[in-house]
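Here is work_15.cif, consisting of mmCIF, C-alpha atoms:
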```cif
data_structure
#
loop_
_atom_site.group_PDB
_atom_site.id
_atom_site.type_symbol
_atom_site.label_atom_id
_atom_site.label_comp_id
_atom_site.auth_asym_id
_atom_site.auth_seq_id
_atom_site.Cartn_x
_atom_site.Cartn_y
_atom_site.Cartn_z
ATOM 1 C CA MET A 1074 0.000 0.000 0.000
ATOM 2 C CA LEU A 1075 1.347 3.423 -1.002
ATOM 3 C CA ILE A 1076 0.261 6.215 1.336
ATOM 4 C CA LYS A 1077 0.810 9.968 1.527
ATOM 5 C CA LEU A 1078 2.511 11.465 4.582
ATOM 6 C CA PRO A 1079 1.496 14.816 6.101
ATOM 7 C CA ASN A 1080 5.147 15.947 6.328
ATOM 8 C CA GLY A 1081 7.652 13.591 4.769
ATOM 9 C CA LEU A 1082 11.431 13.771 4.691
ATOM 10 C CA ILE A 1083 13.350 16.492 2.849
ATOM 11 C CA ASP A 1084 16.714 15.296 1.581
ATOM 12 C CA GLY A 1085 18.572 17.747 -0.630
ATOM 13 C CA LEU A 1086 16.155 18.813 -3.376
ATOM 14 C CA ASP A 1087 13.883 15.794 -2.926
ATOM 15 C CA HIS A 1088 10.744 15.641 -0.785
ATOM 16 C CA PHE A 1089 9.961 12.052 0.188
ATOM 17 C CA ASN A 1090 6.333 12.340 1.280
ATOM 18 C CA TYR A 1091 4.974 9.004 0.052
ATOM 19 C CA CYS A 1092 5.492 5.760 1.924
ATOM 20 C CA GLU A 1093 5.016 2.151 0.858
ATOM 21 C CA ILE A 1094 3.939 -0.001 3.806
ATOM 22 C CA ASP A 1095 3.526 -3.700 4.549
ATOM 23 C CA GLU A 1096 0.943 -5.451 6.747
ATOM 24 C CA LEU A 1097 1.436 -6.986 10.207
ATOM 25 C CA ARG A 1098 2.888 -10.476 10.230
ATOM 26 C CA GLY A 1099 3.502 -13.127 12.878
ATOM 27 C CA LYS A 1100 6.798 -11.724 14.142
ATOM 28 C CA HIS A 1101 5.163 -8.339 14.704
ATOM 29 C CA GLN A 1102 2.583 -9.957 16.956
ATOM 30 C CA ASN A 1103 5.536 -11.226 18.987
ATOM 31 C CA TYR A 1104 6.768 -7.642 19.413
ATOM 32 C CA LEU A 1105 3.310 -6.546 20.548
ATOM 33 C CA ALA A 1106 3.106 -9.399 23.078
ATOM 34 C CA ASN A 1107 6.559 -8.708 24.537
ATOM 35 C CA ARG A 1108 5.869 -7.214 27.976
ATOM 36 C CA GLN A 1109 9.367 -5.754 28.213
ATOM 37 C CA LEU A 1110 8.776 -3.757 25.030
ATOM 38 C CA VAL A 1111 5.243 -2.548 25.629
ATOM 39 C CA GLU A 1112 4.464 -2.224 29.354
ATOM 40 C CA GLY A 1113 4.624 1.510 30.063
ATOM 41 C CA ASN A 1114 6.819 1.826 26.990
ATOM 42 C CA ILE A 1115 6.778 2.140 23.199
ATOM 43 C CA GLY A 1116 9.719 -0.185 22.494
ATOM 44 C CA HIS A 1117 7.660 -1.973 19.843
ATOM 45 C CA LEU A 1118 7.524 1.136 17.612
ATOM 46 C CA PRO A 1119 11.033 1.170 16.080
ATOM 47 C CA LEU A 1120 10.832 -2.597 15.494
ATOM 48 C CA LEU A 1121 7.462 -2.330 13.754
ATOM 49 C CA LEU A 1122 8.376 0.748 11.729
ATOM 50 C CA LYS A 1123 11.694 -0.521 10.369
ATOM 51 C CA ASP A 1124 9.967 -3.709 9.171
ATOM 52 C CA LEU A 1125 6.718 -2.198 7.890
ATOM 53 C CA ILE A 1126 8.099 0.814 6.006
ATOM 54 C CA VAL A 1127 9.023 -0.749 2.670
ATOM 55 C CA SER A 1128 10.201 2.513 1.049
ATOM 56 C CA LEU A 1129 9.952 6.298 1.050
ATOM 57 C CA GLN A 1130 9.236 7.940 -2.299
ATOM 58 C CA THR A 1131 8.776 11.325 -3.896
ATOM 59 C CA LYS A 1132 5.592 12.207 -5.792
ATOM 60 C CA GLU A 1133 7.485 11.262 -8.971
ATOM 61 C CA GLY A 1134 8.387 7.812 -7.591
ATOM 62 C CA ILE A 1135 12.057 8.459 -6.746
ATOM 63 C CA GLN A 1136 12.976 6.167 -3.849
ATOM 64 C CA TYR A 1137 14.943 7.230 -0.782
ATOM 65 C CA LYS A 1138 18.303 5.423 -0.711
ATOM 66 C CA GLY A 1139 19.001 5.738 3.027
ATOM 67 C CA LYS A 1140 18.459 3.085 5.691
ATOM 68 C CA ILE A 1141 14.869 2.599 6.884
ATOM 69 C CA GLU A 1142 16.014 1.987 10.495
ATOM 70 C CA GLU A 1143 17.443 5.524 10.434
ATOM 71 C CA VAL A 1144 14.416 7.013 8.641
ATOM 72 C CA VAL A 1145 12.095 6.095 11.521
ATOM 73 C CA TYR A 1146 13.989 8.598 13.709
ATOM 74 C CA LYS A 1147 13.822 11.356 11.069
ATOM 75 C CA LEU A 1148 10.062 11.409 10.496
ATOM 76 C CA PRO A 1149 7.947 13.585 12.846
ATOM 77 C CA SER A 1150 5.254 12.022 15.012
ATOM 78 C CA GLY A 1151 2.436 13.001 12.618
ATOM 79 C CA ASP A 1152 4.021 10.861 9.915
ATOM 80 C CA LEU A 1153 4.588 7.977 12.332
ATOM 81 C CA GLU A 1154 0.931 8.077 13.425
ATOM 82 C CA THR A 1155 -0.175 8.078 9.786
ATOM 83 C CA ILE A 1156 2.005 5.061 8.979
ATOM 84 C CA LEU A 1157 0.793 3.096 12.019
ATOM 85 C CA ILE A 1158 -2.872 3.830 11.276
ATOM 86 C CA LYS A 1159 -2.481 2.728 7.667
ATOM 87 C CA VAL A 1160 -0.589 -0.413 8.732
ATOM 88 C CA ARG A 1161 -3.525 -1.358 10.947
ATOM 89 C CA GLU A 1162 -5.967 -0.565 8.152
ATOM 90 C CA LYS A 1163 -4.008 -2.696 5.690
ATOM 91 C CA SER A 1164 -3.748 -5.556 8.205
ATOM 92 C CA PHE A 1165 -7.328 -5.701 9.531
ATOM 93 C CA GLY A 1166 -9.424 -3.354 7.391
ATOM 94 C CA PRO A 1167 -10.658 0.192 8.070
ATOM 95 C CA ARG A 1168 -13.096 -0.567 10.912
ATOM 96 C CA TYR A 1169 -11.569 0.039 14.328
ATOM 97 C CA TYR A 1170 -13.555 -0.673 17.497
ATOM 98 C CA PHE A 1171 -12.668 0.962 20.809
ATOM 99 C CA GLU A 1172 -14.086 2.207 24.084
ATOM 100 C CA ALA A 1173 -13.846 5.577 25.842
ATOM 101 C CA ASP A 1174 -14.729 7.010 29.251
ATOM 102 C CA CYS A 1175 -16.948 10.099 29.260
ATOM 103 C CA PRO A 1176 -15.261 12.992 31.117
ATOM 104 C CA HIS A 1177 -18.684 14.448 32.000
ATOM 105 C CA CYS A 1178 -20.370 11.512 33.719
ATOM 106 C CA GLY A 1179 -17.654 8.838 33.852
ATOM 107 C CA ALA A 1180 -19.611 6.297 31.805
ATOM 108 C CA ASN A 1181 -17.604 3.754 29.837
ATOM 109 C CA ASN A 1182 -18.762 3.852 26.211
ATOM 110 C CA LYS A 1183 -18.131 0.477 24.569
ATOM 111 C CA ASN A 1184 -18.288 -0.800 20.990
ATOM 112 C CA LEU A 1185 -17.431 2.575 19.479
ATOM 113 C CA ARG A 1186 -16.327 2.409 15.865
ATOM 114 C CA VAL A 1187 -14.305 4.618 13.547
ATOM 115 C CA ASP A 1188 -13.421 4.155 9.877
ATOM 116 C CA LEU A 1189 -9.633 4.617 9.789
ATOM 117 C CA SER A 1190 -9.728 5.381 6.065
ATOM 118 C CA SER A 1191 -11.847 8.470 6.784
ATOM 119 C CA LEU A 1192 -9.384 10.166 9.174
ATOM 120 C CA GLU A 1193 -8.403 13.567 7.784
ATOM 121 C CA LEU A 1194 -4.796 14.098 6.694
ATOM 122 C CA LYS A 1195 -3.654 17.605 7.558
ATOM 123 C CA GLU A 1196 -0.600 18.180 5.386
ATOM 124 C CA GLN A 1197 2.222 20.592 6.142
ATOM 125 C CA PRO A 1198 3.255 22.471 2.951
ATOM 126 C CA ILE A 1199 6.940 22.116 2.132
ATOM 127 C CA GLU A 1200 7.539 25.855 2.577
ATOM 128 C CA GLU A 1201 6.138 25.583 6.119
ATOM 129 C CA ILE A 1202 8.318 22.556 6.881
ATOM 130 C CA LEU A 1203 11.392 24.553 5.848
ATOM 131 C CA LYS A 1204 10.397 27.738 7.688
ATOM 132 C CA PRO A 1205 11.742 28.010 11.267
ATOM 133 C CA LYS A 1206 9.023 28.378 13.942
ATOM 134 C CA THR A 1207 10.429 31.012 16.288
ATOM 135 C CA ILE A 1208 9.338 33.321 19.101
ATOM 136 C CA THR A 1209 11.273 35.889 21.137
ATOM 137 C CA LEU A 1210 10.789 35.530 24.882
ATOM 138 C CA SER A 1211 9.517 38.702 26.590
ATOM 139 C CA LYS A 1212 11.760 38.609 29.661
ATOM 140 C CA LEU A 1213 14.762 36.581 28.539
ATOM 141 C CA GLN A 1214 14.842 38.426 25.198
ATOM 142 C CA GLN A 1215 16.203 35.348 23.435
ATOM 143 C CA GLU A 1216 14.876 33.680 20.316
ATOM 144 C CA VAL A 1217 13.415 30.204 20.758
ATOM 145 C CA GLU A 1218 12.973 27.856 17.808
ATOM 146 C CA LEU A 1219 10.315 25.168 18.166
ATOM 147 C CA LYS A 1220 10.203 21.739 16.545
ATOM 148 C CA PRO A 1221 7.806 18.800 16.135
ATOM 149 C CA LEU A 1222 8.208 15.604 18.138
ATOM 150 C CA PHE A 1223 10.295 12.773 16.702
ATOM 151 C CA LEU A 1224 10.590 9.148 17.823
ATOM 152 C CA LYS A 1225 13.412 9.877 20.282
ATOM 153 C CA ASP A 1226 11.233 12.630 21.794
ATOM 154 C CA LEU A 1227 8.333 10.191 22.229
ATOM 155 C CA PHE A 1228 10.657 7.883 24.165
ATOM 156 C CA GLU A 1229 11.744 10.878 26.254
ATOM 157 C CA VAL A 1230 8.116 11.783 27.022
ATOM 158 C CA ILE A 1231 7.540 8.227 28.319
ATOM 159 C CA LYS A 1232 10.703 8.461 30.422
ATOM 160 C CA ILE A 1233 9.627 11.833 31.827
ATOM 161 C CA ALA A 1234 6.206 10.497 32.825
ATOM 162 C CA LYS A 1235 7.796 7.525 34.626
ATOM 163 C CA ASN A 1236 10.975 8.926 36.162
ATOM 164 C CA LYS A 1237 11.107 12.716 36.113
ATOM 165 C CA GLN A 1238 8.187 13.910 38.205
ATOM 166 C CA ASP A 1239 10.496 16.445 39.898
ATOM 167 C CA SER A 1240 11.131 18.167 36.541
ATOM 168 C CA VAL A 1241 8.060 17.204 34.499
ATOM 169 C CA ILE A 1242 7.215 20.721 33.225
ATOM 170 C CA THR A 1243 10.690 21.732 32.071
ATOM 171 C CA SER A 1244 11.419 18.261 30.679
ATOM 172 C CA LEU A 1245 8.253 18.194 28.555
ATOM 173 C CA VAL A 1246 8.836 21.734 27.260
ATOM 174 C CA SER A 1247 12.401 20.831 26.274
ATOM 175 C CA THR A 1248 11.192 18.079 23.899
ATOM 176 C CA SER A 1249 9.566 20.694 21.626
ATOM 177 C CA VAL A 1250 12.421 23.238 21.695
ATOM 178 C CA LYS A 1251 15.077 23.002 18.995
ATOM 179 C CA ARG A 1252 17.123 26.071 19.943
ATOM 180 C CA ILE A 1253 17.375 28.825 22.551
ATOM 181 C CA GLY A 1254 19.549 31.651 21.250
ATOM 182 C CA THR A 1255 22.615 29.851 19.875
ATOM 183 C CA ASN A 1256 22.196 26.772 22.087
ATOM 184 C CA VAL A 1257 21.007 23.809 20.010
ATOM 185 C CA ASN A 1258 21.540 21.029 22.568
ATOM 186 C CA ILE A 1259 18.451 21.651 24.681
ATOM 187 C CA THR A 1260 17.734 19.686 27.866
ATOM 188 C CA SER A 1261 15.400 20.321 30.796
ATOM 189 C CA SER A 1262 18.245 22.075 32.642
ATOM 190 C CA ASP A 1263 18.209 24.768 29.936
ATOM 191 C CA ILE A 1264 14.565 25.441 30.789
ATOM 192 C CA ASP A 1265 15.089 25.384 34.582
ATOM 193 C CA ASN A 1266 16.171 29.017 34.955
ATOM 194 C CA ILE A 1267 13.865 30.554 32.355
ATOM 195 C CA PRO A 1268 11.255 32.873 33.958
ATOM 196 C CA ALA A 1269 7.886 31.161 34.449
ATOM 197 C CA SER A 1270 6.105 33.733 32.247
ATOM 198 C CA ASP A 1271 8.520 32.938 29.399
ATOM 199 C CA ILE A 1272 7.861 29.204 29.830
ATOM 200 C CA ILE A 1273 4.139 29.925 29.513
ATOM 201 C CA GLU A 1274 4.903 31.810 26.264
ATOM 202 C CA ILE A 1275 6.750 28.743 24.954
ATOM 203 C CA GLU A 1276 3.890 26.416 25.939
ATOM 204 C CA GLU A 1277 1.348 28.699 24.230
ATOM 205 C CA ALA A 1278 3.510 28.861 21.088
ATOM 206 C CA ILE A 1279 3.742 25.057 21.022
ATOM 207 C CA THR A 1280 -0.058 24.849 21.270
ATOM 208 C CA ASN A 1281 -0.849 27.619 18.772
ATOM 209 C CA ASN A 1282 1.762 26.916 16.074
ATOM 210 C CA THR A 1283 1.366 24.162 13.505
ATOM 211 C CA LEU A 1284 4.702 22.468 14.094
ATOM 212 C CA GLU A 1285 3.928 19.508 11.843
ATOM 213 C CA GLY A 1286 1.304 17.984 9.612
ATOM 214 C CA THR A 1287 -0.882 15.364 11.265
ATOM 215 C CA ILE A 1288 -3.591 12.796 10.789
ATOM 216 C CA ASP A 1289 -6.690 13.672 12.818
ATOM 217 C CA THR A 1290 -6.925 11.092 15.610
ATOM 218 C CA ASN A 1291 -9.356 13.105 17.766
ATOM 219 C CA ILE A 1292 -12.756 11.419 17.574
ATOM 220 C CA THR A 1293 -15.953 13.233 18.612
ATOM 221 C CA ILE A 1294 -18.200 10.968 20.653
ATOM 222 C CA GLU A 1295 -21.684 11.436 22.068
ATOM 223 C CA CYS A 1296 -21.903 9.702 25.434
ATOM 224 C CA LYS A 1297 -24.539 6.957 25.507
ATOM 225 C CA GLU A 1298 -25.410 7.816 29.113
ATOM 226 C CA CYS A 1299 -25.474 11.631 29.408
ATOM 227 C CA ASN A 1300 -25.694 12.461 25.651
ATOM 228 C CA LYS A 1301 -22.915 15.053 25.958
ATOM 229 C CA GLU A 1302 -20.170 15.210 23.334
ATOM 230 C CA PHE A 1303 -16.494 14.739 24.161
ATOM 231 C CA GLN A 1304 -13.215 14.230 22.325
ATOM 232 C CA HIS A 1305 -11.278 10.967 22.461
ATOM 233 C CA LYS A 1306 -7.787 10.626 20.986
ATOM 234 C CA LEU A 1307 -6.921 7.288 19.408
ATOM 235 C CA GLN A 1308 -3.887 5.842 21.186
ATOM 236 C CA VAL A 1309 -2.006 4.953 18.032
ATOM 237 C CA PHE A 1310 1.363 4.501 19.759
ATOM 238 C CA ASP A 1311 0.015 1.906 22.230
ATOM 239 C CA ALA A 1312 0.519 -1.766 21.432
ATOM 240 C CA SER A 1313 -3.221 -2.328 22.024
ATOM 241 C CA PHE A 1314 -4.002 -0.275 18.898
ATOM 242 C CA PHE A 1315 -2.864 -3.259 16.836
ATOM 243 C CA PHE A 1316 -4.949 -5.889 18.605
ATOM 244 C CA HIS A 1317 -7.619 -7.289 16.302
ATOM 245 C CA SER A 1318 -10.968 -5.991 17.576
ATOM 246 C CA LYS A 1319 -14.573 -6.949 16.849
ATOM 247 C CA ALA A 1320 -17.749 -5.347 18.120
#
```
Could the structure of this file be written out as structure tokens, please?
Amino acid sequence: MLIKLPNGLIDGLDHFNYCEIDELRGKHQNYLANRQLVEGNIGHLPLLLKDLIVSLQTKEGIQYKGKIEEVVYKLPSGDLETILIKVREKSFGPRYYFEADCPHCGANNKNLRVDLSSLELKEQPIEEILKPKTITLSKLQQEVELKPLFLKDLFEVIKIAKNKQDSVITSLVSTSVKRIGTNVNITSSDIDNIPASDIIEIEEAITNNTLEGTIDTNITIECKECNKEFQHKLQVFDASFFFHSKA
């Protein structure tokens, strides 16, 4: 299956924004059943992606010559989500059944269904991909350049949630910051001494700027108990997303 990516990889003059994918096979089910890989972790992702991405291509069909195991760390999270959704669709068909708890009344809504082939692809134009996303902090008076999340950042987010409760705010902010002034090796310690009002400016910029193209995984649901609508995000990076489901 050849699919279009919302961002793609820019290499020289070529824009590789099409991806050929394979379907899940027996060995991939082993990855998904490996408790060491998946419990509170996303260790299955690089293994799945390096096997299931057959090739990256340009619109004209030129194939990327680099290694796929390196490509998986160069594609932003919106592309990775798109690939994983399409892998599931290719493996089991477009119907995906799930359940969701209503935030209004707490009811567990079961046997919900979404057609994965209908999820909207929100592409990032190439000129936007190339354009730096920057803000100047009011108090620090330094320029901050923002970036989308990549696979290594997703691993860092998991690590932060498990082990870095004493620095959770600064650690999470650091994953979306590419540069502060001339410093390009950003860690949570670089955020530690930034004024709180400047950190809020960074968080607002992360929320309000389109840092990457995405596939829309936010599903609007009407609760079966209280009839109020709420949003549920498909947990595409969880191993359970690939379990075969029937209503």
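With the shown file loaded, the PyMOL selection byres ((chain A and resi 1189-1194) around 8) picks out A:Pro1079, A:Ile1158, A:Lys1159, A:Glu1162, A:Pro1167, A:Arg1168, A:Tyr1169, A:Val1187, A:Asp1188, A:Lys1195, A:Glu1196, A:Gly1286, A:Thr1287, A:Ile1288, A:Asp1289, A:Thr1290.
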Hey, what comes out of the PyMOL selection byres ((chain A and resi 1264) around 10) on this file? Could you write it as a list in words?
Ser1240, Ile1242, Thr1243, Ser1244, Leu1245, Val1246, Ser1247, Val1250, Ile1253, Ile1259, Thr1260, Ser1261, Ser1262, Asp1263, Asp1265, Asn1266, Ile1267, Pro1268, Ala1269, Asp1271 and Ile1272 of chain A
Which protein, DNA or RNA residues are at most 9 Å from (8.2, 34.5, 27.2) in the file's coordinates when you count all atoms listed in the file, listed as JSON, numbers by chain?
{"A": [1208, 1209, 1210, 1211, 1212, 1213, 1214, 1215, 1267, 1268, 1269, 1270, 1271, 1272, 1273, 1274, 1275]}
Export C-alpha atoms of the chosen residues as a PDB file, keeping the file's coordinate frame?
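Final file, part26.pdb:
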```pdb
ATOM      1  CA  ILE A1208       9.338  33.321  19.101  1.00  0.00           C
ATOM      2  CA  THR A1209      11.273  35.889  21.137  1.00  0.00           C
ATOM      3  CA  LEU A1210      10.789  35.530  24.882  1.00  0.00           C
ATOM      4  CA  SER A1211       9.517  38.702  26.590  1.00  0.00           C
ATOM      5  CA  LYS A1212      11.760  38.609  29.661  1.00  0.00           C
ATOM      6  CA  LEU A1213      14.762  36.581  28.539  1.00  0.00           C
ATOM      7  CA  GLN A1214      14.842  38.426  25.198  1.00  0.00           C
ATOM      8  CA  GLN A1215      16.203  35.348  23.435  1.00  0.00           C
ATOM      9  CA  ILE A1267      13.865  30.554  32.355  1.00  0.00           C
ATOM     10  CA  PRO A1268      11.255  32.873  33.958  1.00  0.00           C
ATOM     11  CA  ALA A1269       7.886  31.161  34.449  1.00  0.00           C
ATOM     12  CA  SER A1270       6.105  33.733  32.247  1.00  0.00           C
ATOM     13  CA  ASP A1271       8.520  32.938  29.399  1.00  0.00           C
ATOM     14  CA  ILE A1272       7.861  29.204  29.830  1.00  0.00           C
ATOM     15  CA  ILE A1273       4.139  29.925  29.513  1.00  0.00           C
ATOM     16  CA  GLU A1274       4.903  31.810  26.264  1.00  0.00           C
ATOM     17  CA  ILE A1275       6.750  28.743  24.954  1.00  0.00           C
TER      18      ILE A1275
END
```
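The residue set within 9 Å of stretch 1221-1231 of chain A, counting all atoms listed in the file and dropping same-chain residues fewer than 5 places from it, reads Gly1113, Asn1114, Ile1115, Gly1116, Leu1118, Pro1119, Val1145, Tyr1146, Lys1147, Leu1148, Pro1149, Ser1150, Gly1151, Leu1153, Asn1236, Ser1244, Leu1245, Thr1248, Ser1249, Val1250, Lys1251, Ile1279, Thr1283, Leu1284 and Glu1285 of chain A.
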What would the selection look like, as number ranges by chain, if the PyMOL selection byres ((chain A and resi 1165) around 9) were run on the coordinates I just shared?
A: 1096-1097, 1160-1164, 1166-1169, 1315, 1317-1318
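Minimum distance to A:Thr1131 across A:Asp1084, A:Asp1095, A:Glu1201, A:Glu1143 (counting all atoms listed in the file) occurs at A:Asp1084.
Between atom CA of A:Leu1157 and atom CA of A:Lys1297 the interatomic distance comes to 29.0 Å.
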Sel. within 6 Å of pt (2.8, 4.5, 3.8), counting only C-alpha atoms, output as number ranges by chain:
A: 1075-1076, 1092-1094, 1156
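Going from atom CA of A:Arg1098 over to atom CA of A:Leu1129, you cover 20.4 Å.
Across A:Ser1128, A:Asn1107, A:Asn1300, A:Thr1255, the tightest approach to A:Ile1141 is made by A:Ser1128 when counting only C-alpha atoms.
Closest approach to A:Lys1301 among A:Leu1110, A:Ile1135, A:Leu1125, A:Cys1175: A:Cys1175, based on all atoms listed in the file.
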Mind giving me the straight-line distance from atom CA of A:Cys1296 to atom CA of A:Asn1182 in Å, one decimal?
6.7 Å
Proximity to A:Ile1126 - best of A:Val1111, A:Val1241, A:Leu1307, A:Val1144, all atoms listed in the file:
A:Val1144
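The residue that comes closest to A:Asp1152, out of A:Leu1122, A:Val1309, A:Ala1278, A:Leu1078 and on the basis of all atoms listed in the file, is A:Leu1078.
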Near-A:Ala1106 list (10 Å; only C-alpha atoms; drop same-chain fewer than 3 positions) as an NGL selection string
:A and (1100-1103 or 1109-1112 or 1117 or 1312-1313 or 1316)
